[in-house]
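Student: So that we are looking at the same thing, I have put the structure below in structure tokens.
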Amino acid sequence: MPETTKVPVTLLTGYLGAGKTTLLNRILSDNHGKRFAVIVNEFGEIGIDNDLVIGADEEIFEMNNGCICCTVRGDLIRIISGLLKRAEGFDGVLIETTGLADPAPVIQTFFVDDDLRERVALDSVVTMVDAKHFLEQVDVAHEAEEQIAFADVIVVNKTDLVDAETLAAVEAKIRTLNKFARILHSEKASVPLGEVLDRGSFDLKKLLDVEPGFLEEDPADHEHDDSIVSISLSTDAPLEPEKFSGWMREFIMKRGTDVLRSKGIISLKGQDRRYVFQGIHMVMDSDWGPQWQADEPRSSRLVFIGRNLDDRELQGAFNTCIAS
Amino acid sequence: MTTAQAASFDVGAQATSPLVQRTEVRLGANVTAAITLDGRAAFALGDGTVRLRDIVRDDGKVAFGDNEIVAACHSGAATALAPFRDGFVSAGQDGRVTRYTGTESGVVPVIDFDGRWVDALAVHERTGCIAAAAGRQVVVAAEGGGRVASDAFASTIAGLAFAPEGRRVAAAHCDGVSVLSAETGAREHLLGWKGSHIGVSWSPDGRFVVSATQERELHVWDLVTLQDLRLGGYPHKIHGLNWLCDGSFLVCTGADVITAWSFAEAGPGGKPPIEIGYAYNGLVTAVAAHPSAPLAAGAYSTGSILIGELTKGEALVARGNEGDAVTSLAWTRDGRGLIAGTASGNAVLIGVPADLGIR
């Protein structure tokens with residue numbers, strides 16, 4: 001089958017009152033000439049300025065594939081498959097989740113459903129943060145924490161309502177949860193659309209580098225045991241293919257519930273091409289990336305965002321995969 | 001699939017069979033469903049209309065009539081289509097189920113779900129019942145104008161099928177299939193199996209209920225022995241289930257071959273399916289079992305259409321790899337023609353000789 005262009009899907013998450021609807025309306029009213037289909041929570045507030053708005057009734061089910069944390073959103077499969085049946089077509093899909101939604105089932109839906117995989121591609125998870133209330137929310141609400149952990153782009157909104165010190169504290173807190181997302185600042189959700197749309201965050205072909213992380217965090221400095229942390233592992237020595245795949249398989253089988261997101265660019269012994277992968281819980285997607293250039297260091301980088309992760313233990317296990 | 005029984009061949013390299021004759025016309029939009037009526041073909045489209053064309057037979061050749069009737073049934077896409085008496089019943093994303101009688105009255109409303117997309121539709125021509133579902137509710141409309149509604153289900157209804165006698169309706173949803181009374185809408189029993197069920201079909205003898213699941217399997221309930229079993233091995237979700245008229249085979253989409261499970265005697269347990277027509281790179285996207293002979297047509301994501309002989313396990317090419325995915329397929333009532341609709345909006349008509357002679 002010829003590779004047809006897949007319709008990009010952007011997932012907009014964020015805790016209650018963060019400004020998701022404002023961003024959504026900014027995207028829709030911008031003069032880009034694109035036609036978007038918008039999927040919103042059926043029982044949420046209205047006021048979205050678009051002729052193709054579909055209300056979704058969050059319907060989560062567990063895949064019967066022996067993978068305990070693989071839940072998907074049946075309503076999204078149905079709605080997007082239905083939209084694709086329409087004659088008029090559209091250039092992108094925007095999904096606004098409820099403030100209390102877990103992003104994982106939404107993301108996993110795009111990786112496990114056959115029909116959606118063929119026709120659409122998840123582009124980015126964009127998380128809105130209310131600069132004024134984030135620090136209180138993130139301490140009490142599990143959802144606020146997870147929405148940060150799953151994000152590719154984090155828009156810190158309402159920066160006009162806080163002083164520089166609070167803003168710095170908000171960013172520092174975000175970085176303890178997710179070292180790798182791109183952070184943008186905005187007042188009234190005003191961000192350049194190129195920073196949130198068509199990012200290709202889940203496109204393995206674009207996974208050329210995994211950012212080493214912003215703050216180097218002290219692993220002993222955990223506030224409580226189940227808090228979310230970002231961990232990056234690296235080595236400049238090539239890895240033994242069997243050892244690495246065996247370790248990853250076992251780790252994800254055992255700890256997939258705790259690992260929210262993972263990404264990696266790996267140099268395998270005897271391979272001139274990068275091995276690239278990414279995952280959400282136990283749902284993994286991998287491919288061969290571009291060739292290593294003669295003059296570049298063949299360093300392997302791997303990142304995990306999740307709970308109960310100990311970076312010394314993980315780096316130790318990762319080091320055992322180094323080819324002798 | 002455990003055993004490959006069919007000889008494989010490359011459709012791309014294989015010439016279209018000289019036994020068949022083909023003609024195509026452009027419709028206005030992508031085809032979502034295709035059915036045949038007496039002497040006519042009907043295509044439901046993504047623009048909400050249903051297009052009707054006569055099937056004309058002249059000098060042994062078939063062709064679409066020049067005149068196209070455009071029935072403006074829905075706004076948004078037309079999602080389902082079923083033959084009903086002298087016309088058809090259709091469902092759409094405008095929340096409506098409509099009936100076309102072919103008379104002056106044109107398109108008449110049958111059920112209105114108040115704007116909620118109608119994804120599941122089933123009709124029973126003998127009793128005149130029409131069942132449809134939007135979201136978590138099933139409504140059955142009786143011929144005399146009576147309407148019964150089910151209680152709200154815990155999840156969306158993804159498929160509906162009448163029992164052959166017309167008094168019960170099977171509804172596929174999360175964690176199983178419910179059997180409802182067509183007269184009252186009440187749930188009579190639940191055929192439970194964990195996971196999301198996306199389609200359902202009832203065998204012509206009423207003995208088996210078969211669902212398709214999100215996990216690329218079929219789930220079969222034998223209502224006589226009260227056993228159930230899984231039929232798996234598919235690389236894709238199964239969207240099309242079609243019974244040979246005598247109920248001996250269930251023909252399915254979802255693999256790179258047409259798969260046909262034998263339901264003769266005790267059902268398909270322990271028997272591999274017949275596999276017909278391996279077409280490189282393509283997935284079977286639509287199937288149609290012949291109205292009288294042991295033949296099954298299968299259409300592919302690559303645009304090819306094959307006609308397979310179930311007892312011999314062989315097939316002939318009726319349309320090549322034209323890169324235009326086929327979304328729907330149906331035999332004419334006399335079994336001598338096959339219609340198909342494509343994703344790019346073509347209506348296909350294939351003429352088939354009385355004796356196909358596939359060897």
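Letters A, B, ... go to the chains of the structure tokens in the order shown; residues in each chain start at 1; ligands are counted from 1 in the same order.
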Hey, could you make a per-residue contact list for chain B against chain A with 8 Å as the cut-off, showing the nearest pair of atoms and its distance in Å to one decimal, counting only C-alpha atoms, sorted by chain and number, as CSV?
Tutor:
residue,atom,partner,partner_atom,distance
B:Ala29,CA,A:Ala87,CA,5.6
B:Asn30,CA,A:Ala87,CA,6.2
B:Thr32,CA,A:Lys85,CA,6.8
B:Leu45,CA,A:Ala87,CA,7.6
B:Gly46,CA,A:Arg86,CA,4.4
B:Asp47,CA,A:Ala87,CA,5.0
B:Gly76,CA,A:Arg86,CA,6.3
B:Ala77,CA,A:Arg86,CA,5.0
B:Thr79,CA,A:Lys85,CA,7.8
B:Ser155,CA,A:Glu59,CA,7.0
B:Thr156,CA,A:Asp75,CA,7.9
B:Cys174,CA,A:Phe61,CA,7.5
B:Lys194,CA,A:Asn64,CA,6.8
B:Gly195,CA,A:Asn64,CA,5.4
B:Ser196,CA,A:Phe61,CA,7.2
B:Gln214,CA,A:Asp113,CA,7.8
B:Glu215,CA,A:Asn64,CA,6.6
B:His236,CA,A:Asp114,CA,6.1
B:Lys237,CA,A:Asp114,CA,6.6
B:Asn281,CA,A:Met1,CA,6.5
B:Gly282,CA,A:Met1,CA,7.0
B:Ser301,CA,A:Met1,CA,7.5
B:Thr302,CA,A:Met1,CA,6.2
B:Gly323,CA,A:Met1,CA,7.2
Student: Do a neighbour search on segment 202-206 of chain B at 8 Å with only C-alpha atoms, toss out local chain neighbours closer than 2 positions, and write the hits as a list in words.
Tutor: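 Once the nearby chain positions are removed, what remains is Ala161, Phe162, Ala163, Pro164, Glu165, Ala170, Val200, Phe208, Val209, Val210, Trp243, Cys245, Asp246 and Gly247 of chain B.
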Student: Just list as a PyMOL selection string whatever in segment 53-205 of chain A DSSP marks as helix (DSSP H, G or I).
Tutor: chain A and resi 74-84+103-112+114-119+134-140+142-149+159-161+164-177+193-195+204-205
Student: Give the strand (DSSP E) residues of segment 76-165 of chain A, as assigned by DSSP on the backbone, as a list in words.
Tutor: Gly92, Val93, Leu94, Ile95, Glu96, Val120, Ala121, Leu122, Asp123, Ser124, Val125, Val126, Thr127, Met128, Val129, Asp130, Val153, Ile154, Val155, Val156 and Asn157 of chain A
Student: What is the distance between atom CA of Gly95 of chain B and atom CA of Cys73 of chain B, in Å to one decimal?
Tutor: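 Atom CA of Cys73 of chain B lies 11.0 Å from atom CA of Gly95 of chain B.
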Student: Go through B:Asp38, B:Ala91, B:Gly102, B:Trp261 and flag the residue nearest Ile69 of chain B, using only C-alpha atoms for the distances.
Tutor: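 Smallest distance to Ile69 of chain B is found for B:Gly102.
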Student: Give me the residues within 8 Å of segment 123-139 of chain B as number ranges by chain, counting only C-alpha atoms and dropping any in the same chain fewer than 2 places off.
Tutor: B: 82, 84-85, 89, 91, 95, 97, 111, 113, 116-121, 141-143, 147-162, 166, 169, 182, 185
Student: Need to verify the contact set: Val53 of chain A, 9 Å, only C-alpha atoms, exclusion of same-chain residues closer than 3 positions in sequence. Can you return it as a ChimeraX atom specification?
Tutor: /A:36-40,48-50
